[in-house]
>>> print(open('model20.txt').read())   # compact mmCIF, C-alpha atoms and all ligand atoms
# COMPACT_ATOMS: atom_id res chain seq x y z
CA MET A 58 132.06 102.47 95.14
CA SER A 59 133.88 103.34 98.35
CA ASP A 60 133.65 100.53 100.93
CA VAL A 61 132.08 102.55 103.70
CA LEU A 62 130.29 105.61 102.36
CA GLU A 63 130.01 107.42 99.06
CA PHE A 64 127.70 110.40 98.67
CA ALA A 65 127.37 112.02 95.24
CA GLY A 66 125.33 115.21 94.88
CA VAL A 67 123.33 114.40 98.02
CA THR A 68 120.65 117.06 98.42
CA VAL A 69 117.85 117.25 100.99
CA VAL A 70 115.00 119.71 100.50
CA ARG A 71 112.18 120.32 102.98
CA GLY A 72 109.62 122.90 101.88
CA HIS A 73 111.63 125.95 100.79
CA ASN A 74 114.71 124.89 102.79
CA THR A 75 117.71 123.15 101.28
CA LEU A 76 119.15 121.24 104.27
CA LEU A 77 121.95 119.61 102.26
CA ASP A 78 123.14 120.98 98.94
CA GLU A 79 125.02 118.71 96.50
CA VAL A 80 127.16 117.00 99.13
CA ASP A 81 129.94 114.76 97.82
CA TRP A 82 131.68 112.70 100.51
CA GLU A 83 133.67 109.48 100.57
CA ILE A 84 134.70 107.46 103.61
CA GLU A 85 137.16 104.60 103.31
CA GLU A 86 137.66 101.76 105.76
CA GLY A 87 139.84 102.74 108.72
CA GLN A 88 139.17 106.47 108.37
CA ARG A 89 138.08 108.56 111.37
CA TRP A 90 136.11 111.65 110.31
CA VAL A 91 135.09 114.78 112.15
CA VAL A 92 132.14 116.78 110.80
CA LEU A 93 132.36 120.40 111.95
CA GLY A 94 129.91 123.21 111.38
CA PRO A 95 127.77 125.84 113.08
CA ASN A 96 124.19 125.34 114.33
CA GLY A 97 121.85 124.55 111.48
CA ALA A 98 124.63 123.65 109.01
CA GLY A 99 123.03 120.29 108.23
CA LYS A 100 125.26 117.99 110.30
CA SER A 101 122.43 115.96 111.86
CA THR A 102 120.72 115.71 108.47
CA LEU A 103 123.96 114.32 107.05
CA LEU A 104 124.10 111.69 109.82
CA ASN A 105 120.44 110.81 109.34
CA ILE A 106 121.25 109.90 105.75
CA ALA A 107 124.51 108.12 106.66
CA SER A 108 122.54 106.03 109.19
CA ALA A 109 119.89 105.11 106.57
CA ARG A 110 117.18 106.93 108.55
CA MET A 111 116.49 109.50 105.82
CA HIS A 112 116.69 109.41 102.03
CA PRO A 113 118.14 112.24 99.93
CA THR A 114 115.72 114.27 97.82
CA ARG A 115 118.31 114.11 95.02
CA GLY A 116 121.69 112.49 94.55
CA VAL A 117 123.08 109.07 95.40
CA ALA A 118 123.92 107.87 98.91
CA GLY A 119 126.04 104.72 98.89
CA ILE A 120 126.42 103.14 102.34
CA LEU A 121 128.47 100.00 103.05
CA GLY A 122 128.29 98.96 99.40
CA ASP A 123 124.53 99.48 99.01
CA VAL A 124 122.64 102.42 97.57
CA LEU A 125 119.87 104.00 99.64
CA GLY A 126 116.59 103.44 97.88
CA ALA A 127 117.74 100.11 96.44
CA VAL A 128 118.36 98.27 99.72
CA ASP A 129 116.29 97.07 102.68
CA VAL A 130 117.18 99.70 105.31
CA PHE A 131 116.24 97.26 108.08
CA GLU A 132 119.13 95.03 106.96
CA LEU A 133 121.49 97.99 106.57
CA ARG A 134 120.82 99.76 109.90
CA PRO A 135 122.28 97.09 112.24
CA ARG A 136 125.59 97.49 110.35
CA ILE A 137 125.71 101.15 111.40
CA GLY A 138 126.16 102.23 115.02
CA PHE A 139 124.53 105.56 115.84
CA ALA A 140 124.54 107.59 119.05
CA SER A 141 122.61 110.85 119.25
CA ALA A 142 120.62 112.90 121.74
CA ALA A 143 117.42 111.96 119.88
CA ILE A 144 118.08 108.23 120.45
CA ALA A 145 119.09 108.83 124.09
CA GLU A 146 115.80 110.63 124.76
CA ARG A 147 113.91 107.47 123.82
CA ILE A 148 115.74 105.29 126.36
CA PRO A 149 113.44 104.73 129.37
CA GLY A 150 114.94 106.19 132.58
CA ASP A 151 114.23 102.98 134.51
CA GLU A 152 116.11 100.79 132.00
CA LEU A 153 119.12 98.97 133.50
CA VAL A 154 122.38 100.19 131.97
CA ARG A 155 123.36 96.67 130.86
CA ASP A 156 120.01 96.36 129.05
CA VAL A 157 120.47 99.72 127.32
CA VAL A 158 123.51 98.19 125.62
CA LEU A 159 122.13 94.66 125.24
CA THR A 160 118.89 95.62 123.50
CA ALA A 161 120.84 97.24 120.63
CA SER A 162 121.60 93.76 119.29
CA TYR A 163 117.85 93.30 118.81
CA GLY A 164 117.39 96.73 117.25
CA ARG A 165 115.22 97.76 120.17
CA ILE A 166 115.10 100.45 122.81
CA GLY A 167 113.65 99.07 126.05
CA ARG A 168 113.94 95.49 127.31
CA TRP A 169 111.13 93.27 126.08
CA ARG A 170 112.04 89.67 126.80
CA GLU A 171 114.16 87.82 129.32
CA ASP A 172 116.03 85.24 127.22
CA TYR A 173 118.90 87.27 125.86
CA ASP A 174 121.86 85.25 124.67
CA SER A 175 124.65 84.94 127.26
CA PHE A 176 127.14 85.76 124.51
CA ASP A 177 125.37 89.10 123.99
CA ALA A 178 125.29 89.77 127.74
CA GLY A 179 129.06 89.14 127.88
CA ARG A 180 129.67 91.50 124.96
CA ALA A 181 127.53 94.22 126.58
CA ASP A 182 129.64 93.94 129.75
CA GLU A 183 132.89 94.06 127.73
CA LEU A 184 131.78 97.20 125.93
CA LEU A 185 130.74 98.87 129.19
CA ALA A 186 134.20 98.02 130.56
CA ALA A 187 135.91 99.41 127.45
CA LEU A 188 134.08 102.70 127.99
CA GLY A 189 134.88 102.66 131.75
CA VAL A 190 131.26 102.31 132.91
CA ASP A 191 131.04 98.57 133.74
CA HIS A 192 130.58 99.44 137.44
CA LEU A 193 127.27 101.07 136.44
CA ALA A 194 125.82 98.00 134.65
CA ASP A 195 123.14 97.39 137.30
CA ARG A 196 122.16 101.05 137.71
CA ARG A 197 119.09 102.62 136.07
CA PHE A 198 119.97 104.73 133.01
CA GLY A 199 118.01 107.70 134.38
CA THR A 200 120.25 107.88 137.47
CA LEU A 201 123.49 108.40 135.50
CA SER A 202 125.33 111.67 135.00
CA GLU A 203 125.39 113.15 131.50
CA GLY A 204 129.00 111.98 130.98
CA GLU A 205 128.17 108.43 132.09
CA ARG A 206 125.13 108.39 129.79
CA LYS A 207 127.23 109.44 126.79
CA ARG A 208 129.64 106.58 127.40
CA VAL A 209 126.79 104.07 127.77
CA GLN A 210 125.32 105.32 124.48
CA ILE A 211 128.61 104.73 122.69
CA ALA A 212 128.79 101.20 124.16
CA ARG A 213 125.24 100.65 122.87
CA ALA A 214 126.15 101.95 119.40
CA LEU A 215 129.06 99.45 119.26
CA MET A 216 126.94 96.47 120.37
CA THR A 217 126.10 95.21 116.86
CA ASP A 218 129.81 95.30 115.90
CA PRO A 219 129.01 97.92 113.24
CA GLU A 220 131.12 98.70 110.17
CA LEU A 221 130.41 102.41 110.57
CA LEU A 222 129.96 104.30 113.84
CA LEU A 223 128.23 107.71 113.85
CA LEU A 224 128.43 109.92 116.94
CA ASP A 225 126.30 113.08 116.90
CA GLU A 226 127.77 115.61 119.36
CA PRO A 227 128.85 113.08 122.00
CA ALA A 228 130.55 115.78 124.13
CA ALA A 229 127.54 118.15 124.24
CA GLY A 230 126.59 119.01 127.81
CA LEU A 231 129.77 117.59 129.38
CA ASP A 232 131.93 119.54 131.81
CA LEU A 233 135.64 119.98 131.09
CA GLY A 234 136.67 116.77 132.87
CA GLY A 235 133.88 114.81 131.20
CA ARG A 236 134.84 116.16 127.79
CA GLU A 237 138.51 115.33 128.26
CA ASP A 238 137.66 111.82 129.45
CA LEU A 239 135.44 111.27 126.42
CA VAL A 240 138.05 112.67 124.02
CA ALA A 241 140.63 110.25 125.47
CA ARG A 242 138.26 107.30 125.06
CA LEU A 243 137.46 108.29 121.48
CA ALA A 244 141.22 108.57 120.82
CA ASP A 245 141.58 104.98 122.07
CA LEU A 246 138.75 103.91 119.77
CA ALA A 247 140.37 105.74 116.84
CA ALA A 248 143.63 103.89 117.50
CA ASP A 249 141.93 100.48 117.63
CA LEU A 250 142.50 98.83 114.25
CA ALA A 251 139.46 96.61 114.84
CA ALA A 252 137.20 99.64 115.36
CA PRO A 253 134.74 100.60 112.62
CA ALA A 254 135.06 103.67 110.42
CA LEU A 255 134.14 106.63 112.65
CA VAL A 256 132.22 109.86 112.12
CA LEU A 257 132.10 112.38 114.96
CA VAL A 258 129.89 115.46 114.67
CA THR A 259 130.86 118.48 116.75
CA HIS A 260 130.78 122.29 116.89
CA HIS A 261 134.18 122.55 118.57
CA VAL A 262 137.71 121.83 117.32
CA GLU A 263 138.66 121.27 120.99
CA GLU A 264 136.63 118.05 120.84
CA ILE A 265 138.61 116.48 117.97
CA PRO A 266 140.27 113.39 119.47
CA PRO A 267 143.87 112.52 118.58
CA GLY A 268 144.01 109.88 115.85
CA PHE A 269 141.10 111.30 113.84
CA THR A 270 142.19 111.45 110.20
CA ASP A 271 139.79 113.59 108.17
CA VAL A 272 137.44 116.53 108.52
CA LEU A 273 134.35 117.67 106.63
CA LEU A 274 133.45 121.34 107.15
CA LEU A 275 129.79 122.16 106.54
CA ARG A 276 127.97 125.50 106.28
CA ASP A 277 124.39 126.11 105.08
CA GLY A 278 124.16 122.53 103.82
CA LYS A 279 127.25 122.89 101.63
CA VAL A 280 130.68 121.37 102.01
CA VAL A 281 133.22 124.15 102.62
CA ALA A 282 136.15 121.71 102.54
CA ALA A 283 136.77 118.01 103.15
CA GLY A 284 139.91 115.92 103.45
CA PRO A 285 142.83 115.04 105.73
CA ILE A 286 142.78 117.09 108.94
CA GLU A 287 146.36 118.34 108.63
CA LEU A 288 145.58 119.88 105.22
CA THR A 289 141.93 120.84 105.61
CA LEU A 290 141.59 122.14 109.15
CA THR A 291 143.00 125.63 108.60
CA ALA A 292 142.06 129.01 110.09
CA LYS A 293 140.85 130.07 106.63
CA ASN A 294 138.53 127.09 106.16
CA LEU A 295 137.31 127.29 109.76
CA SER A 296 136.55 131.01 109.40
CA ALA A 297 134.59 130.35 106.19
CA THR A 298 132.67 127.56 107.94
CA PHE A 299 131.66 129.57 111.02
CA GLY A 300 131.36 132.91 109.19
CA LEU A 301 133.76 134.90 111.38
CA PRO A 302 137.53 135.46 111.45
CA LEU A 303 139.03 132.72 113.61
CA GLU A 304 142.52 131.79 114.63
CA LEU A 305 143.39 128.15 115.07
CA GLU A 306 146.08 126.70 117.30
CA GLN A 307 147.44 123.20 117.26
CA HIS A 308 148.80 121.59 120.43
CA GLY A 309 150.20 118.19 119.46
CA GLU A 310 147.16 116.37 118.10
CA ARG A 311 144.67 118.73 119.77
CA TYR A 312 143.23 122.00 118.47
CA SER A 313 141.73 125.20 119.84
CA ALA A 314 140.08 128.12 118.06
CA ARG A 315 138.99 131.63 118.98
CA ALA A 316 137.86 134.81 117.25
CA VAL A 317 140.64 137.00 115.91
CA ALA A 318 141.06 139.91 118.34
CA PRO A 319 140.11 143.29 116.76
CA ALA A 320 143.14 145.47 115.91
CA GLN A 321 143.94 148.06 118.65
CA PRO A 322 143.32 151.69 117.55
N1 LIG B 401 111.79 119.02 108.43
C1 LIG B 401 112.41 120.18 108.24
N2 LIG B 401 111.82 121.17 107.51
C2 LIG B 401 112.44 122.35 107.31
N3 LIG B 401 113.67 122.64 107.79
C3 LIG B 401 114.30 121.70 108.51
C4 LIG B 401 113.71 120.43 108.79
N4 LIG B 401 114.58 119.70 109.52
C5 LIG B 401 115.66 120.49 109.72
N5 LIG B 401 115.50 121.68 109.13
C6 LIG B 401 116.45 122.81 109.09
O1 LIG B 401 117.60 122.34 108.41
C7 LIG B 401 118.77 122.95 108.92
C8 LIG B 401 119.80 121.89 109.25
O2 LIG B 401 119.39 121.17 110.39
P1 LIG B 401 120.35 120.12 111.11
O3 LIG B 401 119.67 119.66 112.35
O4 LIG B 401 120.79 119.08 110.14
O5 LIG B 401 121.60 121.05 111.47
P2 LIG B 401 122.81 120.80 112.47
O6 LIG B 401 124.05 121.23 111.76
O7 LIG B 401 122.78 119.40 112.99
O8 LIG B 401 122.46 121.83 113.61
P3 LIG B 401 122.83 121.82 115.19
O9 LIG B 401 124.32 121.98 115.25
O10 LIG B 401 122.11 123.05 115.70
O11 LIG B 401 122.34 120.54 115.78
C9 LIG B 401 118.32 123.80 110.10
O12 LIG B 401 118.22 125.14 109.67
C10 LIG B 401 116.95 123.24 110.45
O13 LIG B 401 116.09 124.23 110.98
>>> encode(input="model20.txt", output="structure tokens")
Amino acid sequence: MSDVLEFAGVTVVRGHNTLLDEVDWEIEEGQRWVVLGPNGAGKSTLLNIASARMHPTRGVAGILGDVLGAVDVFELRPRIGFASAAIAERIPGDELVRDVVLTASYGRIGRWREDYDSFDAGRADELLAALGVDHLADRRFGTLSEGERKRVQIARALMTDPELLLLDEPAAGLDLGGREDLVARLADLAADLAAPALVLVTHHVEEIPPGFTDVLLLRDGKVVAAGPIELTLTAKNLSATFGLPLELEQHGERYSARAVAPAQP
């Protein structure tokens, strides 16, 4: 089994809807994946399984050497860092930023006791510094800008020193400067050999940070293509994923995409 993640025939059915349809996916140590797809493609469902928060209806989901259904998910979850809007919504607005990060090591949202280990407090401060938000450690989470919140959430997701880090649309809601800042920080994380395997979910090729290695393209719960970015991220695959003719441009290690202009009469 792959060290980090191995999905075989992973299928999720809810009522009459097939959210994921026979998904095969392997992640090896050191890889940095982007998951791209339109609204409703099944990206969040995929991350909910990869984070051991949901079980497949059919198929086998191997995560960090264990198989979902045959492992205590409460032991598995601390080994997986996860940042998403749904988690952020549960963070109390009056929580101190340092505590937002610190409480991750206890698997909690919201501070609940005063005797946190000083080692943990030091690590929380280091992570805030690595994400460029250490000056906000004593601020209340609810007073931060969207961009600052996203960076704090990533620091929180790294707090348990996870072996797999899942980021669900970390650039959503950011302005251009905020997006570019986040992309640069994620590029630094991708280049860090000590960093965990990474999975970044996004709708936009513009948000793919340099240093990311692989892409999984998802549409209607099915994998359109998956593999190394330089081979897999093509205009043809992207068009099939989003269901419209797209042209793709590469600028160094960055990408942009737009609809193919209609032919002039
Ligand atoms: N409990 C459920 N019952 C029925 N359908 C569901 C359920 N949960 C999600 N869906 C549907 O499954 C599909 C995939 O949802 P999911 O949130 O995984 O997509 P997504 O790619 O993350 O979308 P977005 O980019 O809009 O966040 C959507 O059509 C959604 O409406």
>>> closest_atom_pairs(input="model20.txt", of="stretch 200-261 of chain A", to="stretch 98-114 of chain A", cutoff="12 Å", atoms="all atoms listed in the file", output="CSV")
residue,atom,partner,partner_atom,distance
A:Ala214,CA,A:Ser108,CA,11.6
A:Pro219,CA,A:Ser108,CA,11.1
A:Glu220,CA,A:Ser108,CA,11.3
A:Leu221,CA,A:Ser108,CA,8.8
A:Leu222,CA,A:Ser108,CA,8.9
A:Leu223,CA,A:Leu104,CA,7.0
A:Leu224,CA,A:Leu104,CA,8.5
A:Asp225,CA,A:Ser101,CA,7.0
A:Glu226,CA,A:Ser101,CA,9.2
A:Leu255,CA,A:Ala107,CA,11.4
A:Val256,CA,A:Leu104,CA,8.6
A:Leu257,CA,A:Leu104,CA,9.5
A:Val258,CA,A:Lys100,CA,6.9
A:Thr259,CA,A:Lys100,CA,8.6
A:His260,CA,A:Lys100,CA,9.6
>>> closest_residue(input="model20.txt", among="A:Ala292, A:Leu233, A:Val240, A:Leu215", to="A:Ile265", atoms="all atoms listed in the file")
A:Val240
>>> residues_around(input="model20.txt", residues="stretch 154-157 of chain A", least_positions_apart="6", cutoff="8 Å", atoms="only C-alpha atoms", output="NGL selection string")
:A and (148 or 166-168 or 178 or 181-182 or 185 or 193-198 or 209-210 or 213)
>>> residues_around(input="model20.txt", residues="stretch 270-284 of chain A", least_positions_apart="2", cutoff="10 Å", atoms="all atoms listed in the file", output="PyMOL selection string")
chain A and resi 68-69+74-84+87-100+102-103+247+255-258+265-268+286-291+294-295+297-300
>>> atom_distance(input="model20.txt", atom1="atom CA of A:Leu153", atom2="atom CA of A:Ala187")
17.9 Å
>>> atom_distance(input="model20.txt", atom1="atom C3 of ligand LIG 401 (chain B)", atom2="atom CA of A:Val70")
8.3 Å
>>> axis_aligned_box(input="model20.txt", around="ligand LIG 401 (chain B)", padding_each_side="5 Å", output="AutoDock Vina command-line options")
--center_x 118.1 --center_y 122.1 --center_z 111.5 --size_x 22.5 --size_y 16.1 --size_z 18.5
>>> atom_distance(input="model20.txt", atom1="atom CA of A:Glu304", atom2="atom CA of A:Ala320")
13.8 Å
>>> closest_residue(input="model20.txt", among="A:Ala186, A:Asp245, A:Ala251, A:Ala145", to="A:Glu203", atoms="only C-alpha atoms")
A:Ala145
>>> closest_residue(input="model20.txt", among="A:Arg311, A:Arg71, A:His192, A:Arg242", to="A:Ile211", atoms="only C-alpha atoms")
A:Arg242
>>> closest_residue(input="model20.txt", among="A:Glu183, A:Ala142, A:Arg136, A:Leu159", to="ligand LIG 401 (chain B)", atoms="only C-alpha atoms and all ligand atoms")
A:Ala142
>>> closest_residue(input="model20.txt", among="A:Leu125, A:Ala118, A:Ala229, A:Leu184", to="ligand LIG 401 (chain B)", atoms="all atoms listed in the file")
A:Ala229
>>> closest_residue(input="model20.txt", among="A:Pro227, A:Asp60, A:Gly179, A:Asp123", to="ligand LIG 401 (chain B)", atoms="only C-alpha atoms and all ligand atoms")
A:Pro227
>>> residues_around(input="model20.txt", residues="A:Ala318", least_positions_apart="6", cutoff="12 Å", atoms="only C-alpha atoms", output="list of chain:residue names")
A:Leu301, A:Pro302, A:Leu303, A:Glu304
>>> write_last_selection(input="model20.txt", atoms="C-alpha atoms", output="compact mmCIF listing (two decimals), in the coordinates of the input")
# COMPACT_ATOMS: atom_id res chain seq x y z
CA LEU A 301 133.76 134.90 111.38
CA PRO A 302 137.53 135.46 111.45
CA LEU A 303 139.03 132.72 113.61
CA GLU A 304 142.52 131.79 114.63
